[in-house]
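Text of the file query37.tsv, holding TSV, C-alpha atoms:
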chain	number	residue	atom	x	y	z
A	1	MET	CA	52.70	-9.51	-22.92
A	2	ALA	CA	53.48	-8.49	-19.39
A	3	GLY	CA	56.58	-10.07	-17.95
A	4	GLU	CA	57.95	-11.12	-21.28
A	5	ALA	CA	61.40	-10.16	-22.44
A	6	THR	CA	61.37	-6.74	-24.01
A	7	LYS	CA	64.98	-6.84	-25.18
A	8	ALA	CA	65.64	-8.11	-28.65
A	9	LEU	CA	66.98	-11.60	-28.16
A	10	SER	CA	68.78	-13.77	-30.64
A	11	ASN	CA	66.79	-16.81	-31.71
A	12	ASP	CA	69.11	-19.44	-30.29
A	13	VAL	CA	68.48	-18.42	-26.66
A	14	LEU	CA	64.70	-18.57	-26.79
A	15	TRP	CA	62.64	-21.37	-25.29
A	16	GLY	CA	60.98	-23.94	-27.50
A	17	GLY	CA	57.92	-21.79	-28.08
A	18	GLY	CA	59.99	-18.99	-29.56
A	19	ARG	CA	59.73	-16.75	-26.49
A	20	SER	CA	61.72	-16.33	-23.31
A	21	PRO	CA	59.29	-15.72	-20.43
A	22	PHE	CA	60.55	-13.28	-17.76
A	23	SER	CA	63.93	-13.13	-19.51
A	24	ILE	CA	65.03	-16.03	-17.39
A	25	SER	CA	66.44	-19.30	-18.65
A	26	TYR	CA	64.33	-22.43	-18.50
A	27	GLY	CA	66.82	-24.13	-16.17
A	28	LYS	CA	66.93	-21.30	-13.65
A	29	MET	CA	63.18	-20.97	-13.56
A	30	MET	CA	62.69	-24.68	-12.93
A	31	MET	CA	65.34	-24.57	-10.20
A	32	TRP	CA	63.37	-21.78	-8.55
A	33	PHE	CA	60.13	-23.77	-8.79
A	34	PHE	CA	61.86	-26.76	-7.21
A	35	LEU	CA	63.26	-24.56	-4.44
A	36	VAL	CA	59.80	-23.17	-3.67
A	37	SER	CA	58.39	-26.68	-3.28
A	38	ASP	CA	61.37	-27.71	-1.17
A	39	ALA	CA	60.90	-24.59	0.96
A	40	LEU	CA	57.30	-25.67	1.56
A	41	THR	CA	58.53	-29.03	2.84
A	42	PHE	CA	60.93	-27.38	5.28
A	43	SER	CA	58.28	-24.90	6.40
A	44	GLY	CA	55.98	-27.84	7.04
A	45	LEU	CA	58.61	-29.44	9.26
A	46	LEU	CA	59.40	-26.26	11.19
A	47	VAL	CA	55.74	-25.31	11.60
A	48	SER	CA	54.90	-28.77	12.92
A	49	TYR	CA	57.81	-28.43	15.35
A	50	GLY	CA	56.31	-25.13	16.50
A	51	PHE	CA	52.89	-26.77	16.77
A	52	ALA	CA	54.22	-29.59	18.96
A	53	ARG	CA	56.17	-27.20	21.14
A	54	HIS	CA	53.36	-24.71	21.53
A	55	SER	CA	50.65	-27.24	22.31
A	56	THR	CA	52.66	-29.27	24.84
A	57	THR	CA	51.93	-28.90	28.54
A	58	GLU	CA	55.30	-30.36	29.56
A	59	ALA	CA	58.48	-28.35	29.92
A	60	TRP	CA	60.34	-28.05	26.64
A	61	PRO	CA	64.15	-28.01	26.47
A	62	ILE	CA	65.92	-24.80	25.49
A	63	GLY	CA	68.55	-24.92	22.75
A	64	GLU	CA	71.25	-23.15	24.70
A	65	GLU	CA	70.97	-25.73	27.50
A	66	VAL	CA	71.08	-28.75	25.17
A	67	PHE	CA	73.76	-27.67	22.73
A	68	ARG	CA	76.62	-26.36	24.84
A	69	ALA	CA	79.56	-28.61	24.07
A	70	LEU	CA	82.58	-28.16	21.83
A	71	PRO	CA	84.77	-30.97	20.45
A	72	PHE	CA	88.00	-31.60	22.42
A	73	LEU	CA	86.97	-29.15	25.14
A	74	HIS	CA	85.23	-29.43	28.47
A	75	GLY	CA	82.99	-26.83	29.95
A	76	SER	CA	79.90	-24.99	28.80
A	77	TYR	CA	79.76	-23.03	25.56
A	78	PRO	CA	76.09	-22.46	24.82
A	79	LEU	CA	75.32	-22.50	21.10
A	80	VAL	CA	78.93	-21.73	20.14
A	81	TYR	CA	79.26	-24.90	18.08
A	82	VAL	CA	76.00	-24.30	16.20
A	83	ALA	CA	77.05	-20.70	15.56
A	84	LEU	CA	80.33	-22.02	14.17
A	85	MET	CA	78.42	-24.36	11.85
A	86	THR	CA	76.24	-21.44	10.75
A	87	ALA	CA	79.34	-19.35	10.04
A	88	ILE	CA	80.88	-22.18	7.98
A	89	LEU	CA	77.71	-22.52	5.90
A	90	ILE	CA	77.33	-18.78	5.38
A	91	PHE	CA	80.96	-18.50	4.27
A	92	SER	CA	80.58	-21.38	1.85
A	93	SER	CA	77.57	-19.51	0.50
A	94	VAL	CA	79.78	-16.46	0.01
A	95	THR	CA	82.43	-18.45	-1.86
A	96	MET	CA	79.64	-19.87	-4.03
A	97	VAL	CA	78.33	-16.43	-5.01
A	98	LEU	CA	81.92	-15.33	-5.74
A	99	SER	CA	82.27	-18.38	-7.97
A	100	VAL	CA	79.12	-17.40	-9.86
A	101	GLU	CA	80.49	-13.86	-10.21
A	102	ALA	CA	83.77	-15.21	-11.62
A	103	GLY	CA	81.73	-17.31	-14.05
A	104	HIS	CA	80.05	-14.17	-15.38
A	105	ARG	CA	83.49	-12.84	-16.26
A	106	MET	CA	84.43	-16.19	-17.89
A	107	ASP	CA	87.24	-16.42	-15.31
A	108	LYS	CA	87.74	-20.18	-15.20
A	109	LYS	CA	90.51	-20.07	-12.58
A	110	GLY	CA	88.34	-17.94	-10.29
A	111	VAL	CA	85.39	-20.28	-10.64
A	112	ILE	CA	87.56	-23.29	-9.76
A	113	LYS	CA	89.11	-21.57	-6.73
A	114	TRP	CA	85.84	-20.40	-5.17
A	115	LEU	CA	83.88	-23.53	-6.05
A	116	PHE	CA	86.61	-25.68	-4.49
A	117	LEU	CA	86.37	-23.64	-1.27
A	118	THR	CA	82.59	-24.07	-1.36
A	119	VAL	CA	82.92	-27.84	-1.53
A	120	ILE	CA	85.39	-27.79	1.38
A	121	GLY	CA	83.03	-25.64	3.47
A	122	GLY	CA	80.11	-27.93	2.74
A	123	ALA	CA	82.14	-30.99	3.72
A	124	PHE	CA	83.10	-29.30	6.99
A	125	PHE	CA	79.45	-28.58	7.71
A	126	VAL	CA	78.38	-32.19	7.09
A	127	GLY	CA	81.22	-33.37	9.34
A	128	SER	CA	80.18	-30.94	12.08
A	129	GLN	CA	76.64	-32.18	11.89
A	130	ALA	CA	77.85	-35.77	12.24
A	131	TRP	CA	79.68	-34.78	15.43
A	132	GLU	CA	76.60	-32.97	16.71
A	133	TRP	CA	74.42	-36.03	16.11
A	134	SER	CA	76.95	-38.30	17.79
A	135	HIS	CA	77.09	-35.98	20.80
A	136	PHE	CA	73.30	-35.72	20.94
A	137	ILE	CA	72.83	-39.50	20.74
A	138	HIS	CA	75.44	-40.32	23.38
A	139	GLY	CA	74.27	-37.60	25.74
A	140	GLY	CA	75.87	-36.21	28.86
A	141	GLY	CA	75.39	-39.12	31.27
A	142	GLY	CA	71.62	-39.28	31.51
A	143	TYR	CA	69.25	-39.15	34.47
A	144	ILE	CA	67.31	-41.50	36.71
A	145	THR	CA	63.80	-41.15	38.08
A	146	THR	CA	62.98	-42.35	41.58
A	147	PRO	CA	59.70	-43.83	42.91
A	148	ASP	CA	58.81	-40.58	44.70
A	149	GLY	CA	58.93	-38.73	41.39
A	150	GLY	CA	62.42	-37.30	41.84
A	151	LYS	CA	64.80	-36.77	38.97
A	152	TYR	CA	68.60	-36.96	39.33
A	153	TRP	CA	71.36	-36.38	36.82
A	154	VAL	CA	73.99	-39.12	36.76
A	155	HIS	CA	77.64	-38.12	36.81
A	156	ASN	CA	80.93	-39.98	36.90
A	157	ASP	CA	84.49	-39.27	35.91
A	158	THR	CA	84.73	-41.71	33.00
A	159	HIS	CA	81.31	-40.93	31.39
A	160	ASP	CA	80.37	-44.58	31.88
A	161	THR	CA	76.72	-45.13	30.98
A	162	HIS	CA	76.64	-48.94	31.20
A	163	ASP	CA	77.41	-49.25	34.89
A	164	PRO	CA	77.71	-45.68	36.14
A	165	ALA	CA	77.17	-46.52	39.82
A	166	ASN	CA	80.46	-48.43	40.01
A	167	ALA	CA	82.48	-45.93	37.99
A	168	PRO	CA	84.90	-43.62	39.82
A	169	GLY	CA	83.51	-40.26	40.90
A	170	PHE	CA	79.88	-41.46	40.77
A	171	HIS	CA	77.42	-38.92	42.15
A	172	LEU	CA	73.92	-37.64	41.48
A	173	VAL	CA	72.65	-34.09	41.06
A	174	LYS	CA	69.02	-33.29	41.66
A	175	ALA	CA	67.25	-31.75	38.67
A	176	ARG	CA	65.66	-28.32	38.90
A	177	PRO	CA	61.87	-28.67	38.91
A	178	GLY	CA	60.14	-27.47	35.76
A	179	HIS	CA	63.43	-27.50	33.87
A	180	TYR	CA	64.74	-30.19	31.64
A	181	LEU	CA	68.47	-29.82	31.88
A	182	LEU	CA	69.46	-27.47	34.68
A	183	PRO	CA	70.55	-28.77	38.08
A	184	ALA	CA	68.80	-27.72	41.26
A	185	GLU	CA	70.53	-25.08	43.36
A	186	GLY	CA	71.83	-25.41	46.91
A	187	GLU	CA	73.87	-27.88	48.96
A	188	HIS	CA	71.22	-30.60	49.15
A	189	ALA	CA	71.23	-30.96	45.32
A	190	HIS	CA	74.47	-32.95	45.38
A	191	VAL	CA	74.10	-36.61	46.39
A	192	GLU	CA	77.19	-38.79	46.91
A	193	GLY	CA	78.40	-42.10	48.36
A	194	ALA	CA	75.99	-44.63	49.85
A	195	GLN	CA	73.02	-42.30	49.54
A	196	ALA	CA	73.62	-41.97	45.81
A	197	LYS	CA	74.02	-45.74	45.46
A	198	ALA	CA	70.69	-46.27	47.28
A	199	LEU	CA	68.93	-43.81	44.98
A	200	TRP	CA	70.50	-45.51	41.96
A	201	ASP	CA	69.27	-48.94	43.13
A	202	SER	CA	65.74	-47.60	43.67
A	203	ARG	CA	65.55	-46.06	40.18
A	204	VAL	CA	62.38	-46.43	38.13
A	205	ALA	CA	64.10	-45.60	34.86
A	206	TYR	CA	67.53	-44.66	33.61
A	207	ILE	CA	67.44	-42.54	30.48
A	208	ASP	CA	70.68	-41.54	28.80
A	209	GLY	CA	71.38	-40.08	25.38
A	210	ALA	CA	68.72	-39.97	22.74
A	211	ASN	CA	66.86	-42.27	20.39
A	212	MET	CA	63.50	-42.18	18.63
A	213	THR	CA	61.49	-43.31	21.65
A	214	ARG	CA	63.07	-41.40	24.50
A	215	ASN	CA	65.86	-38.99	25.30
A	216	GLU	CA	67.42	-37.23	28.25
A	217	TYR	CA	66.79	-33.73	26.88
A	218	GLY	CA	63.02	-33.50	26.79
A	219	PRO	CA	59.82	-35.04	25.42
A	220	PRO	CA	60.34	-37.81	22.81
A	221	GLN	CA	59.09	-35.42	20.11
A	222	TYR	CA	62.03	-33.12	20.79
A	223	ALA	CA	64.62	-35.68	19.68
A	224	ASN	CA	62.37	-36.85	16.84
A	225	PHE	CA	62.17	-33.34	15.45
A	226	PHE	CA	65.91	-32.85	15.95
A	227	PHE	CA	66.71	-35.99	13.97
A	228	PHE	CA	64.15	-35.28	11.28
A	229	ILE	CA	64.79	-31.58	10.67
A	230	THR	CA	68.57	-31.52	10.95
A	231	GLY	CA	68.76	-34.89	9.19
A	232	PHE	CA	66.66	-33.70	6.26
A	233	HIS	CA	68.73	-30.54	6.05
A	234	GLY	CA	71.97	-32.49	6.39
A	235	PHE	CA	70.90	-34.68	3.49
A	236	HIS	CA	70.35	-31.54	1.43
A	237	VAL	CA	73.84	-30.31	2.32
A	238	PHE	CA	75.31	-33.67	1.42
A	239	SER	CA	73.63	-33.73	-1.99
A	240	GLY	CA	74.65	-30.10	-2.49
A	241	VAL	CA	78.29	-31.02	-1.89
A	242	VAL	CA	78.00	-33.86	-4.41
A	243	ILE	CA	76.38	-31.56	-7.01
A	244	ASN	CA	79.03	-28.87	-6.45
A	245	LEU	CA	81.77	-31.46	-6.78
A	246	ILE	CA	80.38	-32.70	-10.11
A	247	VAL	CA	80.05	-29.12	-11.40
A	248	LEU	CA	83.60	-28.38	-10.21
A	249	LEU	CA	84.95	-31.36	-12.18
A	250	MET	CA	83.04	-30.17	-15.26
A	251	VAL	CA	84.47	-26.66	-14.82
A	252	ILE	CA	88.00	-28.08	-14.57
A	253	ARG	CA	87.41	-30.07	-17.75
A	254	GLY	CA	86.37	-26.84	-19.46
A	255	VAL	CA	82.84	-27.95	-20.39
A	256	PHE	CA	81.23	-24.62	-19.52
A	257	HIS	CA	83.99	-22.54	-21.03
A	258	ARG	CA	83.36	-24.24	-24.36
A	259	ARG	CA	79.62	-23.74	-23.94
A	260	GLY	CA	80.26	-20.01	-23.56
A	261	HIS	CA	78.58	-19.43	-20.21
A	262	TYR	CA	78.74	-20.70	-16.62
A	263	GLU	CA	75.02	-20.94	-15.98
A	264	MET	CA	75.35	-24.43	-14.50
A	265	VAL	CA	77.43	-22.93	-11.67
A	266	GLU	CA	74.65	-20.41	-11.13
A	267	LYS	CA	71.97	-23.12	-10.91
A	268	ALA	CA	74.01	-25.25	-8.53
A	269	GLY	CA	74.60	-22.00	-6.62
A	270	LEU	CA	70.86	-21.38	-6.30
A	271	TYR	CA	70.47	-24.79	-4.66
A	272	TRP	CA	73.46	-24.21	-2.41
A	273	HIS	CA	72.21	-20.81	-1.22
A	274	PHE	CA	68.84	-22.36	-0.55
A	275	VAL	CA	70.47	-24.92	1.75
A	276	ASP	CA	72.13	-22.04	3.59
A	277	LEU	CA	68.82	-20.19	3.74
A	278	VAL	CA	67.06	-23.18	5.30
A	279	TRP	CA	69.80	-23.47	7.90
A	280	VAL	CA	69.26	-19.83	8.89
A	281	PHE	CA	65.67	-20.74	9.74
A	282	VAL	CA	66.53	-24.05	11.43
A	283	PHE	CA	69.12	-22.19	13.51
A	284	THR	CA	66.53	-19.67	14.68
A	285	PHE	CA	63.50	-21.87	15.19
A	286	PHE	CA	65.15	-25.01	16.51
A	287	TYR	CA	68.21	-23.74	18.38
A	288	LEU	CA	67.51	-20.16	19.40
A	289	LEU	CA	63.82	-19.94	20.27
B	290	MET	CA	79.58	-36.07	-21.88
B	291	GLU	CA	78.95	-32.69	-23.38
B	292	ARG	CA	75.46	-31.85	-24.51
B	293	ASP	CA	74.96	-29.42	-27.36
B	294	ASP	CA	71.19	-29.65	-27.47
B	295	ILE	CA	70.70	-27.64	-24.29
B	296	ILE	CA	70.46	-23.98	-25.12
B	297	GLU	CA	70.36	-21.78	-22.11
B	298	TYR	CA	69.84	-18.10	-21.76
B	299	SER	CA	70.20	-15.70	-18.93
B	300	LEU	CA	69.80	-11.95	-19.16
B	301	ASP	CA	72.87	-11.28	-17.04
B	302	ALA	CA	75.03	-14.26	-17.88
B	303	HIS	CA	78.07	-12.04	-18.45
B	304	HIS	CA	79.53	-8.86	-17.04
B	305	GLY	CA	82.83	-7.02	-17.32
B	306	GLU	CA	85.68	-6.35	-14.87
B	307	GLU	CA	84.30	-3.00	-13.68
B	308	GLU	CA	80.85	-4.43	-12.96
B	309	GLY	CA	82.52	-7.43	-11.29
B	310	ARG	CA	84.35	-5.23	-8.77
B	311	ARG	CA	81.09	-3.51	-7.82
B	312	ILE	CA	79.29	-6.85	-7.41
B	313	ARG	CA	82.13	-8.29	-5.29
B	314	ARG	CA	82.07	-5.28	-2.98
B	315	LYS	CA	78.35	-5.79	-2.49
B	316	ILE	CA	78.86	-9.51	-1.75
B	317	TRP	CA	81.43	-8.75	0.97
B	318	MET	CA	79.20	-6.09	2.51
B	319	VAL	CA	76.33	-8.57	2.74
B	320	THR	CA	78.71	-11.16	4.22
B	321	LEU	CA	79.74	-8.74	6.93
B	322	LEU	CA	76.11	-7.98	7.70
B	323	LEU	CA	75.18	-11.68	7.95
B	324	ALA	CA	78.14	-12.39	10.23
B	325	VAL	CA	77.29	-9.48	12.53
B	326	VAL	CA	73.62	-10.46	12.75
B	327	THR	CA	74.49	-14.09	13.58
B	328	THR	CA	76.93	-12.97	16.28
B	329	VAL	CA	74.30	-10.71	17.78
B	330	GLU	CA	71.79	-13.56	17.79
B	331	VAL	CA	74.12	-15.95	19.60
B	332	ALA	CA	75.09	-13.28	22.14
B	333	LEU	CA	71.45	-12.47	22.81
B	334	GLY	CA	70.63	-16.17	23.20
B	335	ALA	CA	73.48	-16.73	25.63
B	336	TYR	CA	73.38	-13.57	27.76
B	337	TRP	CA	70.03	-11.84	27.41
B	338	LYS	CA	68.60	-13.62	30.44
B	339	GLU	CA	71.42	-12.37	32.64
B	340	TRP	CA	71.19	-8.82	31.34
B	341	MET	CA	67.42	-8.44	31.38
B	342	PRO	CA	65.56	-11.26	33.10
B	343	GLY	CA	61.90	-11.66	32.25
B	344	SER	CA	61.91	-10.18	28.77
B	345	TRP	CA	62.37	-13.48	26.94
B	346	HIS	CA	59.35	-12.86	24.74
B	347	LEU	CA	60.93	-9.74	23.31
B	348	VAL	CA	64.18	-11.51	22.41
B	349	LYS	CA	62.21	-14.23	20.61
B	350	TRP	CA	60.58	-11.67	18.37
B	351	THR	CA	63.99	-10.04	17.83
B	352	PHE	CA	65.28	-13.43	16.63
B	353	VAL	CA	62.41	-13.81	14.17
B	354	VAL	CA	62.91	-10.32	12.75
B	355	LEU	CA	66.71	-10.75	12.45
B	356	THR	CA	66.19	-14.09	10.71
B	357	ILE	CA	63.89	-12.54	8.13
B	358	VAL	CA	66.46	-9.78	7.58
B	359	LYS	CA	69.13	-12.43	6.95
B	360	ALA	CA	66.85	-14.43	4.67
B	361	THR	CA	66.03	-11.34	2.61
B	362	TYR	CA	69.70	-10.58	2.01
B	363	ILE	CA	70.48	-14.18	1.07
B	364	VAL	CA	67.58	-14.43	-1.39
B	365	MET	CA	67.92	-10.98	-2.92
B	366	THR	CA	71.72	-10.73	-3.16
B	367	PHE	CA	73.22	-14.23	-3.06
B	368	MET	CA	70.45	-15.85	-5.09
B	369	HIS	CA	70.18	-12.75	-7.33
B	370	LEU	CA	66.40	-12.70	-7.06
B	371	GLY	CA	66.64	-8.93	-6.64
B	372	ASP	CA	68.17	-8.74	-10.14
B	373	GLU	CA	65.42	-10.76	-11.79
B	374	ARG	CA	62.26	-9.27	-13.26
B	375	ARG	CA	59.48	-8.09	-10.97
B	376	ASN	CA	57.05	-10.69	-12.27
B	377	ILE	CA	59.24	-13.73	-11.67
B	378	ARG	CA	59.99	-12.39	-8.20
B	379	ALA	CA	56.26	-12.18	-7.51
B	380	ILE	CA	55.61	-15.65	-8.92
B	381	ILE	CA	58.21	-17.16	-6.61
B	382	LEU	CA	57.60	-15.19	-3.43
B	383	LEU	CA	53.89	-14.34	-3.27
B	384	PRO	CA	52.23	-17.79	-3.42
B	385	TYR	CA	54.79	-19.08	-0.95
B	386	ALA	CA	54.32	-16.17	1.44
B	387	LEU	CA	50.55	-16.42	1.23
B	388	PHE	CA	50.52	-20.12	1.98
B	389	LEU	CA	53.05	-19.79	4.76
B	390	LEU	CA	51.17	-16.99	6.51
B	391	TYR	CA	48.08	-19.17	6.53
B	392	LEU	CA	50.03	-22.22	7.75
B	393	VAL	CA	51.65	-20.27	10.60
B	394	PHE	CA	48.34	-18.70	11.57
B	395	ILE	CA	46.48	-22.01	11.65
B	396	ALA	CA	49.30	-23.76	13.52
B	397	ILE	CA	49.44	-21.11	16.25
B	398	TRP	CA	45.65	-20.96	16.54
B	399	GLU	CA	45.14	-24.72	16.76
B	400	SER	CA	48.12	-25.41	19.03
B	401	ASN	CA	46.83	-22.74	21.42
B	402	TYR	CA	43.49	-24.53	21.48
B	403	ILE	CA	45.03	-27.96	22.06
B	404	HIS	CA	47.22	-26.55	24.82
B	405	ARG	CA	44.13	-25.12	26.51
B	406	VAL	CA	42.26	-28.41	26.19
B	407	TRP	CA	45.13	-30.32	27.77
B	408	THR	CA	45.56	-27.91	30.66
B	409	GLU	CA	41.86	-27.36	31.44
B	410	PHE	CA	40.14	-30.64	30.72
B	411	LEU	CA	42.70	-33.40	31.18
Any chance you could give the structure as structure tokens?
Amino acid sequence: MAGEATKALSNDVLWGGGRSPFSISYGKMMMWFFLVSDALTFSGLLVSYGFARHSTTEAWPIGEEVFRALPFLHGSYPLVYVALMTAILIFSSVTMVLSVEAGHRMDKKGVIKWLFLTVIGGAFFVGSQAWEWSHFIHGGGGYITTPDGGKYWVHNDTHDTHDPANAPGFHLVKARPGHYLLPAEGEHAHVEGAQAKALWDSRVAYIDGANMTRNEYGPPQYANFFFFITGFHGFHVFSGVVINLIVLLMVIRGVFHRRGHYEMVEKAGLYWHFVDLVWVFVFTFFYLL
Amino acid sequence: MERDDIIEYSLDAHHGEEEGRRIRRKIWMVTLLLAVVTTVEVALGAYWKEWMPGSWHLVKWTFVVLTIVKATYIVMTFMHLGDERRNIRAIILLPYALFLLYLVFIAIWESNYIHRVWTEFL
């Protein structure tokens, strides 16, 4: 039969039916089937994001203009933080594959070392995503719209969003037409003092940060997709960390060494690499394009 | 709790020291490649517009191609799909690829249409 194992296999490794299809273990094959279905879910999310973005007639925010902050630092670092998160996830994927490799040599110490680093990397990624969400939700000060259709970014020294007009250093910056996040150019773009206060008092709406109904970055769908896609992925990372942690504890207790093979590490590894793989696509289609 | 009733089999569940060194070298090479590609992507995203204004469409396609390159290396090397049998590879990749091509095609086609409706008739 095509695709069936051609090597002579000992009876105790065969599936229930007395054969071993594709020379792959039952567990690994089912993990692959699960990953394919999960990949379809993520493709559905990313394709619907593309659909929304492509069909819209409004301006759509650009990743490098939205995500440009770093923790503890001021200034503009477009996409540096997301790139850092990507690097962390890719490196935790590398430690995972090294752990699998050590498992093939029955090197228990090696498996523990690399799997431990994988768990740490995953935890760092989840933490980074929490910071990113917090930053996205709180926003950069927000903007107001005026009755004549103008749009002004709100700035003050203390990042006060409850009563920004009375905070020190309050001023407005006119938004660049057709752009979501960039300021207009030229001297007239900056509005200060009484003129700024008058514009503030005449505001139609003040939108700061992000929630499910509106956000300062772009159309409501933009934030919705951000929360849904990165949230769904973040949940996968979180469960991956938990699975890796459980497998790590089992490795330390010597369960797999007694069993004679480290295939459980390999299966957990498949899931972990998949999480990394999905992030590669989220990074491109949500942040870069 | 240890379970003895689960019997698992994998064709390459074990390898020796020599084979291990070769595999580790390959892993680090792929790591280097992934890191370089990601760095290039971020640099293009941040500076392309200053270097070559007006060619944003080209950089988008570059991103898509680089992403597929990265994905191929992750799936084939890190997930060891390249070491599995040809048939299981086909079973996993082909139905998915087929469905996805259709999904992407229909999404682009329909969103183009909706965009046109909104701009021309509303």
Up to 8 Å from chain B, what residues of chain A turn up? Count only C-alpha atoms and give them as a PyMOL selection string.
chain A and resi 3+12-14+22-27+32-33+36+40+43+47-48+50-52+54-57+64+78-80+83+87+90-91+93-94+97-98+101-106+255+261-263+269-270+273+277+280-281+284+288-289
Go ahead and dump the residues you just picked, C-alpha atoms, as a PDB file, keeping the file's coordinate frame.
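Saved file again35.pdb follows:
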ATOM      1  CA  GLY A   3      56.580 -10.070 -17.950  1.00  0.00           C
ATOM      2  CA  ASP A  12      69.110 -19.440 -30.290  1.00  0.00           C
ATOM      3  CA  VAL A  13      68.480 -18.420 -26.660  1.00  0.00           C
ATOM      4  CA  LEU A  14      64.700 -18.570 -26.790  1.00  0.00           C
ATOM      5  CA  PHE A  22      60.550 -13.280 -17.760  1.00  0.00           C
ATOM      6  CA  SER A  23      63.930 -13.130 -19.510  1.00  0.00           C
ATOM      7  CA  ILE A  24      65.030 -16.030 -17.390  1.00  0.00           C
ATOM      8  CA  SER A  25      66.440 -19.300 -18.650  1.00  0.00           C
ATOM      9  CA  TYR A  26      64.330 -22.430 -18.500  1.00  0.00           C
ATOM     10  CA  GLY A  27      66.820 -24.130 -16.170  1.00  0.00           C
ATOM     11  CA  TRP A  32      63.370 -21.780  -8.550  1.00  0.00           C
ATOM     12  CA  PHE A  33      60.130 -23.770  -8.790  1.00  0.00           C
ATOM     13  CA  VAL A  36      59.800 -23.170  -3.670  1.00  0.00           C
ATOM     14  CA  LEU A  40      57.300 -25.670   1.560  1.00  0.00           C
ATOM     15  CA  SER A  43      58.280 -24.900   6.400  1.00  0.00           C
ATOM     16  CA  VAL A  47      55.740 -25.310  11.600  1.00  0.00           C
ATOM     17  CA  SER A  48      54.900 -28.770  12.920  1.00  0.00           C
ATOM     18  CA  GLY A  50      56.310 -25.130  16.500  1.00  0.00           C
ATOM     19  CA  PHE A  51      52.890 -26.770  16.770  1.00  0.00           C
ATOM     20  CA  ALA A  52      54.220 -29.590  18.960  1.00  0.00           C
ATOM     21  CA  HIS A  54      53.360 -24.710  21.530  1.00  0.00           C
ATOM     22  CA  SER A  55      50.650 -27.240  22.310  1.00  0.00           C
ATOM     23  CA  THR A  56      52.660 -29.270  24.840  1.00  0.00           C
ATOM     24  CA  THR A  57      51.930 -28.900  28.540  1.00  0.00           C
ATOM     25  CA  GLU A  64      71.250 -23.150  24.700  1.00  0.00           C
ATOM     26  CA  PRO A  78      76.090 -22.460  24.820  1.00  0.00           C
ATOM     27  CA  LEU A  79      75.320 -22.500  21.100  1.00  0.00           C
ATOM     28  CA  VAL A  80      78.930 -21.730  20.140  1.00  0.00           C
ATOM     29  CA  ALA A  83      77.050 -20.700  15.560  1.00  0.00           C
ATOM     30  CA  ALA A  87      79.340 -19.350  10.040  1.00  0.00           C
ATOM     31  CA  ILE A  90      77.330 -18.780   5.380  1.00  0.00           C
ATOM     32  CA  PHE A  91      80.960 -18.500   4.270  1.00  0.00           C
ATOM     33  CA  SER A  93      77.570 -19.510   0.500  1.00  0.00           C
ATOM     34  CA  VAL A  94      79.780 -16.460   0.010  1.00  0.00           C
ATOM     35  CA  VAL A  97      78.330 -16.430  -5.010  1.00  0.00           C
ATOM     36  CA  LEU A  98      81.920 -15.330  -5.740  1.00  0.00           C
ATOM     37  CA  GLU A 101      80.490 -13.860 -10.210  1.00  0.00           C
ATOM     38  CA  ALA A 102      83.770 -15.210 -11.620  1.00  0.00           C
ATOM     39  CA  GLY A 103      81.730 -17.310 -14.050  1.00  0.00           C
ATOM     40  CA  HIS A 104      80.050 -14.170 -15.380  1.00  0.00           C
ATOM     41  CA  ARG A 105      83.490 -12.840 -16.260  1.00  0.00           C
ATOM     42  CA  MET A 106      84.430 -16.190 -17.890  1.00  0.00           C
ATOM     43  CA  VAL A 255      82.840 -27.950 -20.390  1.00  0.00           C
ATOM     44  CA  HIS A 261      78.580 -19.430 -20.210  1.00  0.00           C
ATOM     45  CA  TYR A 262      78.740 -20.700 -16.620  1.00  0.00           C
ATOM     46  CA  GLU A 263      75.020 -20.940 -15.980  1.00  0.00           C
ATOM     47  CA  GLY A 269      74.600 -22.000  -6.620  1.00  0.00           C
ATOM     48  CA  LEU A 270      70.860 -21.380  -6.300  1.00  0.00           C
ATOM     49  CA  HIS A 273      72.210 -20.810  -1.220  1.00  0.00           C
ATOM     50  CA  LEU A 277      68.820 -20.190   3.740  1.00  0.00           C
ATOM     51  CA  VAL A 280      69.260 -19.830   8.890  1.00  0.00           C
ATOM     52  CA  PHE A 281      65.670 -20.740   9.740  1.00  0.00           C
ATOM     53  CA  THR A 284      66.530 -19.670  14.680  1.00  0.00           C
ATOM     54  CA  LEU A 288      67.510 -20.160  19.400  1.00  0.00           C
ATOM     55  CA  LEU A 289      63.820 -19.940  20.270  1.00  0.00           C
TER      56      LEU A 289
END
Point out the residue among A:Asp208, A:Asp201, A:Asp148, A:Glu192 with the least atom-to-atom distance to His135 in chain A, counting all atoms listed in the file.
A:Asp208
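CA of Tyr217 in chain A is found 18.6 Å from CA of His162 in chain A.
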How big is the axis-aligned box around the listed atoms of range 333-349 of chain B once 3 Å is added on each side, and where is its centre? Give both in Å to one decimal, as lines of an AutoDock Vina configuration file.
center_x = 66.4
center_y = -12.6
center_z = 26.9
size_x = 20.1
size_y = 14.3
size_z = 18.5
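The coordinates place CA of Arg53 in chain A at 22.0 Å from CA of Lys151 in chain A.
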CA of Lys197 in chain A to CA of Ala184 in chain A: how many Å, to one decimal?
19.2 Å
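Applying the 12 Å criterion to (79.9, -33.7, 6.1) in file coordinates and using only C-alpha atoms, one obtains the residues Met85, Ile88, Leu89, Val119, Ile120, Gly121, Gly122, Ala123, Phe124, Phe125, Val126, Gly127, Ser128, Gln129, Ala130, Trp131, Glu132, Trp133, Gly231, His233, Gly234, Phe235, His236, Val237, Phe238, Ser239, Gly240, Val241 and Val242 of chain A.
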Find the residues around Ala268 in chain A up to 8 Å (all atoms listed in the file counted), leave out those fewer than 5 positions away in its own chain, and share them as a PyMOL selection string.
chain A and resi 240+243-244+247
